[in-house]
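*Asks:* Structure provided below as C-alpha cells; questions to follow.
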Amino acid sequence: MSRLARHLTAPFVFSLALTAIAVGQTTRAPAPEDSDIPLSPRLMFEEAQTYASNKQAELEKQKAKVDDRARMRLLQEQRDFAAKCVQSLRRREAIVGEDLYYFGRLQSLAGDYGGALDALRLFLTQTSDGELAQLARPVAISCALRKNFVAEAEQMAADFEARGPVKLEQHFFIENDLAGSYRNAADFENMARHTKAMYKLAKQAMVDKKCGSAPCDQMLVTSVALTAEAYFKQNRPQDAQAVFERLERFALSRPSASLFMLATDRFKQFNPSVDPFRIYENVPEASQKLPELKAIDWIDMQPMKLSDLRGQVVLLDFWATWCGPCRATFPNLRRLQSAYQDKGLKIIGVTRYFGQADGAKVNREQELAYLRDFKKKNELTYGFAVGNSNEDVDNYGVFGIPTYVLIDRGGNVRLMGLGAAAAPAAMLEKAVKKLIDEPAPGTTAKN
C-alpha cells in the first residue's frame, strides 16, 4: 500500500463493476483527505499520475482482461482520484512555490483546465526558470489552448523555446497542439507555420540522431501530412503535393526504406490520383555516399563496394530464406536478371546469418552451405551478400522483407519498396528500365 493510502482517512469506491468483473471482488481506492501527517502536493500528483497505469498493471498481474472499455474506466477513476486530491489541497492554507506546480498538474489530470491554467500561470510568475518551469509550460500551453487562449499559448511556447533546455518530444507536441488549434479555427496559414516547425524539429532530430528511427519517421510523416492539408485548405494543391515529394526525396537520401514507404502510403491517402512512386523519374543533381554493405561472406560474387559499382544500376534485395513473401519475388528477380544483366543491372541479394536452416540450429559454415544450396535450387543467378548483424538493415531503414533498394548509375537511391505483390513488381521493372536507359555520369545518351 502506498504512503498516500496509509495516511488518508476517507476511502471512496472506484468503478466496482470493472474490478468485480475482472477479479471477482470489489476494490477501494483511498480518498486524499487531510490527516495527522499532511501529504505533499508532489506525492499526491505522483500517485495520481501513475494511478491508471498502476491499476492496469495490477489487473494484468491477476490475469484479468483489460480491454479498451476497461482502460477508459481506469482513466475516469484517475480523473476522480486527482479531483479528490485537488479538493483536499483546497482545504489547506495558501499554496505557494513548487506546490503550485503540482496543484496545477493535479487540476489538469482532473480535467479542470481553467483551474490548472490559473495555478500554472501563478507558478510561472513566481518561478520562470528551472526544470519545473519548463515542465509546467507544455501543460499550461495545452490548458490555454483548451480554453482557446491561443495568443497566450503562443507566448508561453516562445518562452519555452527561449529559456531551454527543450526536449524534442515536448517541443514537437507543443507545435502540434498549436497547429491543431489553428486547424480547428480554420486558420490554415498559421496551421502551416506550426506544421513546418514540426517538420524542421523532426528532421533535425533525425539528422542529429536524437530519436529512434521509428519515432522520427512518424513525426516527419505526421508533420508533412498536416502541412499538405493546410496547403490544400488554402487552395494550394501543388504545394501540398510538393511537401510529400520533398519528404520522399529526403527518405531516399537518408536512405530509409521505412520512411519512404510511410511517406508514399500517406501520399496515396492524401491524393489517390497521384503515383507517389514516380519520384524515381527525377534525376538527382549530386551523387550520394551510400552505406557500404557489411557482408562477411559473398556467394557467387567477389567482395565489393557499392562505390565501385558506379556506372551500373544496382538492385539490393533484402531477404531471408525463411521469408515466404521473399520467395514469391524470385520469379521477378530472375526475369530482371535475365533481361537486364547485360545492359548494366547488378542484383545483390542482401541477407544475414540467423543460426538456423529450415528450423534447425546450424553454425556459420553449415548455414553458408545451406545458402549456397538454396541459391542453386531456386535458380538464382545473382550473388548474395551475407552479414552477421542487422547493420545493413539498419543502414537502409529496412523495416520488413522483402525490401528492395534501387540505385542508379550515379550511385543515387532512386526507389525503395516492398517487393512481393504483382503491382510493385511491374513498377520496379519499369523503374529499372528507366535507369538502364539513363546514361552513366560523364557520358551522353545513346541515340
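Just remember, in the C-alpha cells the first chain shown is A, the second B, etc., residues are 1-based per chain, and ligands are 1-based in the order shown.
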Residues at most 8 Å from region 146-154 of chain A, counting only C-alpha atoms, excluding those fewer than 6 positions away in the same chain, as a PyMOL selection string?
*Replies:* chain A and resi 113-114+140+178+181
*Asks:* List the neighbours of region 119-128 of chain A out to 6 Å using only C-alpha atoms; skip same-chain residues closer than 6 positions along the sequence, and give me the result as a list in words.
*Replies:*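 Listed by chain and then number, they are Leu100, Tyr101 and Gly104 of chain A.
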*Asks:* Go ahead and save the picked residues with C-alpha atoms, as a PDB file, in the first residue's frame.
*Replies:*
ATOM      1  CA  LEU A 100       1.562  25.425  -7.113  1.00  0.00           C
ATOM      2  CA  TYR A 101       3.107  23.395  -9.926  1.00  0.00           C
ATOM      3  CA  GLY A 104      -1.853  22.758 -11.311  1.00  0.00           C
TER       4      GLY A 104
END
*Asks:* May I have all residues of region 216-442 of chain A that DSSP, computed from the backbone, assigns to alpha helix (DSSP H), given as number ranges by chain?
*Replies:* A: 216-233, 237-253, 257-270, 324-328, 330-340, 364-377, 391-395, 422-437
*Asks:* Select, from A:Ala339, A:Phe250, A:Gln241, A:Asn395, the residue with the minimum atom-to-atom distance to Gln269 (chain A), counting only C-alpha atoms.
*Replies:* A:Gln241
*Asks:* As a PDB file with C-alpha atoms, in the first residue's frame, please: the residues near Ile141 (chain A) (cut-off 8 Å, only C-alpha atoms, same-chain neighbours under 2 positions excluded).
*Replies:*
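Final output, around14.pdb:
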ATOM      1  CA  ARG A 137       4.910  25.338 -19.754  1.00  0.00           C
ATOM      2  CA  PRO A 138       3.793  22.474 -22.055  1.00  0.00           C
ATOM      3  CA  VAL A 139       0.925  21.650 -19.668  1.00  0.00           C
ATOM      4  CA  CYS A 143      -4.665  24.098 -20.972  1.00  0.00           C
ATOM      5  CA  ALA A 144      -4.587  27.543 -22.602  1.00  0.00           C
ATOM      6  CA  LEU A 145      -5.451  26.059 -25.981  1.00  0.00           C
ATOM      7  CA  GLU A 152      -1.209  33.282 -24.518  1.00  0.00           C
ATOM      8  CA  ALA A 153      -0.261  29.768 -25.639  1.00  0.00           C
ATOM      9  CA  GLU A 154       1.946  31.237 -28.375  1.00  0.00           C
ATOM     10  CA  MET A 156       4.304  30.537 -23.461  1.00  0.00           C
ATOM     11  CA  ALA A 157       5.612  28.442 -26.373  1.00  0.00           C
ATOM     12  CA  ILE A 174       3.623  21.899 -28.450  1.00  0.00           C
TER      13      ILE A 174
END
*Asks:* Write out as a list of chain:residue names which residues come within 8 Å of Ala385 (chain A) when counting only C-alpha atoms, dropping same-chain ones fewer than 5 positions away.
*Replies:*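 So, after excluding close chain neighbours, the residues are A:Leu293, A:Ala295, A:Ile296, A:Asp297, A:Trp298, A:Ile299, A:Ile348, A:Gly349, A:Val350, A:Thr351, A:Arg352.
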*Asks:* Got time to write the residues from that selection, C-alpha atoms, as a PDB file, in the first residue's frame?
*Replies:*
ATOM      1  CA  LEU A 293      27.375  -3.469 -47.253  1.00  0.00           C
ATOM      2  CA  ALA A 295      28.849  -8.668 -45.570  1.00  0.00           C
ATOM      3  CA  ILE A 296      31.354 -11.156 -44.177  1.00  0.00           C
ATOM      4  CA  ASP A 297      30.662 -13.734 -46.889  1.00  0.00           C
ATOM      5  CA  TRP A 298      29.881 -13.341 -50.590  1.00  0.00           C
ATOM      6  CA  ILE A 299      28.215 -16.121 -52.559  1.00  0.00           C
ATOM      7  CA  ILE A 348      22.678  -8.369 -54.945  1.00  0.00           C
ATOM      8  CA  GLY A 349      20.674 -10.471 -52.520  1.00  0.00           C
ATOM      9  CA  VAL A 350      21.361  -8.990 -49.068  1.00  0.00           C
ATOM     10  CA  THR A 351      20.775 -11.314 -46.123  1.00  0.00           C
ATOM     11  CA  ARG A 352      22.418 -12.346 -42.857  1.00  0.00           C
TER      12      ARG A 352
END
*Asks:* Just the number, please: distance in Å from CA of Asp118 (chain A) to CA of Leu168 (chain A), one decimal.
*Replies:*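 Between CA of Asp118 (chain A) and CA of Leu168 (chain A) the gap works out to 26.1 Å.
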*Asks:* Which residues come within 10 Å of region 317-331 of chain A, counting only C-alpha atoms, excluding same-chain residues fewer than 3 positions away, as an NGL selection string?
*Replies:* :A and (314 or 334-337 or 347-354 or 356-359 or 370-371 or 374-375 or 378-380 or 384-385 or 392-393 or 396 or 398 or 400-406 or 418-422 or 425)
*Asks:* Those same residues, written as a compact mmCIF listing (two decimals), in the first residue's frame with N, CA and C atoms?
*Replies:*
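Result file follows (out_13.txt):
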# COMPACT_ATOMS: atom_id res chain seq x y z
N VAL A 314 22.13 -0.76 -59.71
CA VAL A 314 22.25 -1.78 -58.65
C VAL A 314 20.89 -1.97 -57.98
N ARG A 334 14.50 -13.20 -61.16
CA ARG A 334 15.12 -13.98 -62.25
C ARG A 334 14.87 -13.30 -63.59
N ARG A 335 13.65 -12.79 -63.78
CA ARG A 335 13.31 -12.13 -65.05
C ARG A 335 14.14 -10.86 -65.24
N LEU A 336 14.27 -10.06 -64.18
CA LEU A 336 15.08 -8.85 -64.28
C LEU A 336 16.54 -9.17 -64.55
N GLN A 337 17.05 -10.20 -63.90
CA GLN A 337 18.44 -10.61 -64.11
C GLN A 337 18.66 -11.03 -65.55
N ILE A 347 22.24 -7.19 -59.54
CA ILE A 347 21.37 -7.54 -58.43
C ILE A 347 22.21 -8.19 -57.33
N ILE A 348 21.99 -7.78 -56.10
CA ILE A 348 22.68 -8.37 -54.94
C ILE A 348 21.62 -8.75 -53.91
N GLY A 349 21.57 -10.01 -53.58
CA GLY A 349 20.67 -10.47 -52.52
C GLY A 349 21.33 -10.25 -51.17
N VAL A 350 20.76 -9.37 -50.35
CA VAL A 350 21.36 -8.99 -49.07
C VAL A 350 20.63 -9.73 -47.95
N THR A 351 21.35 -10.57 -47.23
CA THR A 351 20.78 -11.31 -46.12
C THR A 351 21.79 -11.40 -45.00
N ARG A 352 21.51 -12.21 -43.99
CA ARG A 352 22.42 -12.35 -42.86
C ARG A 352 22.30 -13.76 -42.31
N TYR A 353 23.26 -14.10 -41.45
CA TYR A 353 23.20 -15.39 -40.77
C TYR A 353 22.20 -15.30 -39.61
N PHE A 354 21.32 -16.31 -39.53
CA PHE A 354 20.32 -16.36 -38.48
C PHE A 354 20.56 -17.52 -37.51
N GLN A 356 20.06 -20.65 -38.13
CA GLN A 356 19.09 -21.73 -38.32
C GLN A 356 18.87 -21.95 -39.82
N ALA A 357 18.47 -23.15 -40.16
CA ALA A 357 18.16 -23.51 -41.54
C ALA A 357 17.01 -24.50 -41.52
N ASP A 358 15.89 -24.12 -42.09
CA ASP A 358 14.69 -24.96 -42.08
C ASP A 358 14.30 -25.35 -40.66
N GLY A 359 14.47 -24.43 -39.72
CA GLY A 359 14.06 -24.68 -38.35
C GLY A 359 15.09 -25.35 -37.47
N TYR A 370 24.12 -24.14 -46.64
CA TYR A 370 22.67 -24.15 -46.88
C TYR A 370 22.28 -23.04 -47.86
N LEU A 371 22.87 -21.84 -47.68
CA LEU A 371 22.57 -20.73 -48.57
C LEU A 371 23.02 -21.03 -50.01
N PHE A 374 20.50 -23.45 -51.36
CA PHE A 374 19.22 -22.76 -51.55
C PHE A 374 19.26 -21.94 -52.83
N LYS A 375 20.35 -21.25 -53.05
CA LYS A 375 20.53 -20.41 -54.24
C LYS A 375 20.45 -21.25 -55.51
N ASN A 378 16.87 -22.69 -56.22
CA ASN A 378 15.92 -21.68 -56.67
C ASN A 378 16.37 -20.96 -57.94
N GLU A 379 17.47 -21.42 -58.53
CA GLU A 379 17.95 -20.92 -59.82
C GLU A 379 18.15 -19.40 -59.79
N LEU A 380 18.78 -18.93 -58.73
CA LEU A 380 19.08 -17.50 -58.59
C LEU A 380 20.50 -17.27 -59.05
N PHE A 384 24.96 -13.22 -53.61
CA PHE A 384 24.46 -12.91 -52.27
C PHE A 384 25.55 -12.23 -51.45
N ALA A 385 25.13 -11.25 -50.63
CA ALA A 385 26.00 -10.64 -49.62
C ALA A 385 25.43 -11.03 -48.26
N ASP A 392 23.26 -3.81 -42.03
CA ASP A 392 22.78 -3.43 -43.37
C ASP A 392 21.31 -3.03 -43.33
N VAL A 393 20.52 -3.78 -42.58
CA VAL A 393 19.09 -3.47 -42.44
C VAL A 393 18.93 -2.08 -41.81
N TYR A 396 19.88 0.96 -44.12
CA TYR A 396 18.96 1.27 -45.22
C TYR A 396 17.50 1.38 -44.72
N VAL A 398 15.42 -0.65 -43.34
CA VAL A 398 14.54 -1.74 -43.75
C VAL A 398 13.71 -2.18 -42.56
N GLY A 400 10.90 -4.37 -42.98
CA GLY A 400 10.27 -5.64 -43.30
C GLY A 400 10.86 -6.17 -44.58
N ILE A 401 10.73 -7.46 -44.80
CA ILE A 401 11.27 -8.06 -46.01
C ILE A 401 10.16 -8.81 -46.74
N PRO A 402 10.28 -8.90 -48.08
CA PRO A 402 11.37 -8.40 -48.92
C PRO A 402 11.28 -6.89 -49.15
N THR A 403 12.42 -6.25 -49.11
CA THR A 403 12.54 -4.83 -49.42
C THR A 403 13.61 -4.66 -50.48
N TYR A 404 13.33 -3.82 -51.46
CA TYR A 404 14.34 -3.56 -52.48
C TYR A 404 14.80 -2.11 -52.41
N VAL A 405 16.05 -1.89 -52.81
CA VAL A 405 16.64 -0.56 -52.92
C VAL A 405 17.25 -0.47 -54.31
N LEU A 406 16.78 0.47 -55.12
CA LEU A 406 17.23 0.61 -56.50
C LEU A 406 18.14 1.83 -56.61
N LEU A 418 8.52 -2.48 -50.88
CA LEU A 418 8.29 -3.89 -50.62
C LEU A 418 8.04 -4.57 -51.95
N GLY A 419 8.54 -5.80 -52.09
CA GLY A 419 8.58 -6.37 -53.43
C GLY A 419 7.83 -7.63 -53.70
N ALA A 420 6.78 -7.99 -52.95
CA ALA A 420 6.14 -9.28 -53.17
C ALA A 420 4.96 -9.24 -54.13
N ALA A 421 4.19 -8.16 -54.14
CA ALA A 421 2.96 -8.12 -54.94
C ALA A 421 3.25 -7.89 -56.41
N ALA A 422 2.28 -8.22 -57.27
CA ALA A 422 2.45 -8.10 -58.72
C ALA A 422 2.61 -6.65 -59.15
N ALA A 425 6.01 -5.26 -58.49
CA ALA A 425 6.97 -5.90 -59.39
C ALA A 425 6.97 -5.22 -60.75
*Asks:* I'd like the contact shell of Ala251 (chain A) - 12 Å cut-off, only C-alpha atoms, skipping same-chain residues fewer than 4 positions apart - returned as a ChimeraX atom specification.
*Replies:* /A:203,206-207,213,216-217,220-221,244-247,255-264,279,396-398,405,412-417
*Asks:* Could you write out that same residue set with N, CA and C atoms as a short mmCIF file (atom, residue, chain, number, x, y, z; two decimals), in the first residue's frame?
*Replies:*
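Final output, part_4.cif:
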data_model
loop_
_atom_site.label_atom_id
_atom_site.label_comp_id
_atom_site.auth_asym_id
_atom_site.auth_seq_id
_atom_site.Cartn_x
_atom_site.Cartn_y
_atom_site.Cartn_z
N LYS A 203 13.10 16.54 -38.54
CA LYS A 203 14.20 16.31 -39.49
C LYS A 203 15.55 16.53 -38.83
N MET A 206 16.37 13.68 -36.56
CA MET A 206 16.80 12.51 -37.29
C MET A 206 18.25 12.66 -37.74
N VAL A 207 18.60 13.82 -38.25
CA VAL A 207 19.97 14.07 -38.70
C VAL A 207 20.94 13.97 -37.53
N SER A 213 14.67 5.69 -35.10
CA SER A 213 14.17 5.78 -36.48
C SER A 213 12.66 5.79 -36.55
N CYS A 216 11.07 9.12 -35.16
CA CYS A 216 11.38 10.22 -36.08
C CYS A 216 10.59 10.09 -37.37
N ASP A 217 10.50 8.87 -37.90
CA ASP A 217 9.73 8.65 -39.13
C ASP A 217 8.29 9.09 -38.95
N LEU A 220 7.98 12.91 -38.76
CA LEU A 220 8.15 13.54 -40.06
C LEU A 220 6.91 13.38 -40.93
N VAL A 221 6.39 12.17 -40.99
CA VAL A 221 5.23 11.91 -41.83
C VAL A 221 4.00 12.66 -41.31
N PHE A 244 5.07 16.37 -49.92
CA PHE A 244 5.23 14.92 -49.91
C PHE A 244 6.43 14.51 -50.75
N GLU A 245 6.60 15.13 -51.90
CA GLU A 245 7.72 14.79 -52.77
C GLU A 245 9.05 15.13 -52.11
N ARG A 246 9.09 16.23 -51.37
CA ARG A 246 10.32 16.58 -50.64
C ARG A 246 10.63 15.54 -49.58
N LEU A 247 9.60 15.05 -48.91
CA LEU A 247 9.81 14.01 -47.90
C LEU A 247 10.32 12.73 -48.56
N PRO A 255 19.70 6.74 -46.67
CA PRO A 255 18.45 6.25 -47.25
C PRO A 255 17.65 5.49 -46.19
N SER A 256 16.30 5.58 -46.27
CA SER A 256 15.45 4.90 -45.30
C SER A 256 14.21 4.35 -46.00
N ALA A 257 14.18 3.02 -46.15
CA ALA A 257 13.02 2.40 -46.78
C ALA A 257 11.77 2.57 -45.95
N SER A 258 11.90 2.51 -44.62
CA SER A 258 10.72 2.64 -43.76
C SER A 258 10.10 4.02 -43.90
N LEU A 259 10.93 5.07 -43.89
CA LEU A 259 10.41 6.42 -44.05
C LEU A 259 9.80 6.60 -45.43
N PHE A 260 10.46 6.07 -46.44
CA PHE A 260 9.94 6.21 -47.81
C PHE A 260 8.57 5.56 -47.94
N MET A 261 8.40 4.36 -47.39
CA MET A 261 7.13 3.66 -47.50
C MET A 261 6.03 4.36 -46.69
N LEU A 262 6.37 4.88 -45.52
CA LEU A 262 5.39 5.65 -44.75
C LEU A 262 4.96 6.88 -45.53
N ALA A 263 5.93 7.55 -46.16
CA ALA A 263 5.61 8.75 -46.93
C ALA A 263 4.72 8.43 -48.12
N THR A 264 5.03 7.36 -48.84
CA THR A 264 4.22 7.03 -50.02
C THR A 264 2.81 6.59 -49.61
N ILE A 279 8.57 9.24 -58.23
CA ILE A 279 9.70 10.03 -57.79
C ILE A 279 11.00 9.55 -58.43
N TYR A 396 19.88 0.96 -44.12
CA TYR A 396 18.96 1.27 -45.22
C TYR A 396 17.50 1.38 -44.72
N GLY A 397 17.31 1.44 -43.43
CA GLY A 397 15.98 1.66 -42.89
C GLY A 397 14.98 0.60 -43.29
N VAL A 398 15.42 -0.65 -43.34
CA VAL A 398 14.54 -1.74 -43.75
C VAL A 398 13.71 -2.18 -42.56
N VAL A 405 16.05 -1.89 -52.81
CA VAL A 405 16.64 -0.56 -52.92
C VAL A 405 17.25 -0.47 -54.31
N ASN A 412 22.96 6.92 -56.76
CA ASN A 412 21.87 7.51 -56.02
C ASN A 412 20.72 6.53 -55.85
N VAL A 413 20.15 6.47 -54.64
CA VAL A 413 18.95 5.68 -54.43
C VAL A 413 17.79 6.39 -55.11
N ARG A 414 17.11 5.68 -56.02
CA ARG A 414 16.03 6.29 -56.78
C ARG A 414 14.66 5.72 -56.42
N LEU A 415 14.65 4.53 -55.79
CA LEU A 415 13.38 3.93 -55.44
C LEU A 415 13.60 2.88 -54.35
N MET A 416 12.60 2.75 -53.48
CA MET A 416 12.62 1.73 -52.43
C MET A 416 11.20 1.19 -52.30
N GLY A 417 11.09 -0.04 -51.79
CA GLY A 417 9.75 -0.55 -51.57
C GLY A 417 9.73 -2.01 -51.18
#
*Asks:* Can you pull out every residue from region 265-428 of chain A that DSSP, working from the backbone, puts in strand (DSSP E), and format the result as a count of residues only?
*Replies:* 37
*Asks:* Tell me which protein, DNA and RNA residues are within 9 Å of region 429-434 of chain A, counting only C-alpha atoms, leaving out same-chain ones fewer than 5 positions away, and put them as number ranges by chain.
*Replies:* A: 278, 280-281, 313, 315, 332, 336, 340, 345, 406, 408, 414-415, 424
*Asks:* Ranking A:Arg193, A:His171, A:Arg254, A:Arg90 by minimum distance to Gln107 (chain A) and counting only C-alpha atoms, which one comes first?
*Replies:*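 Closest to Gln107 (chain A) of all the choices is A:Arg90.
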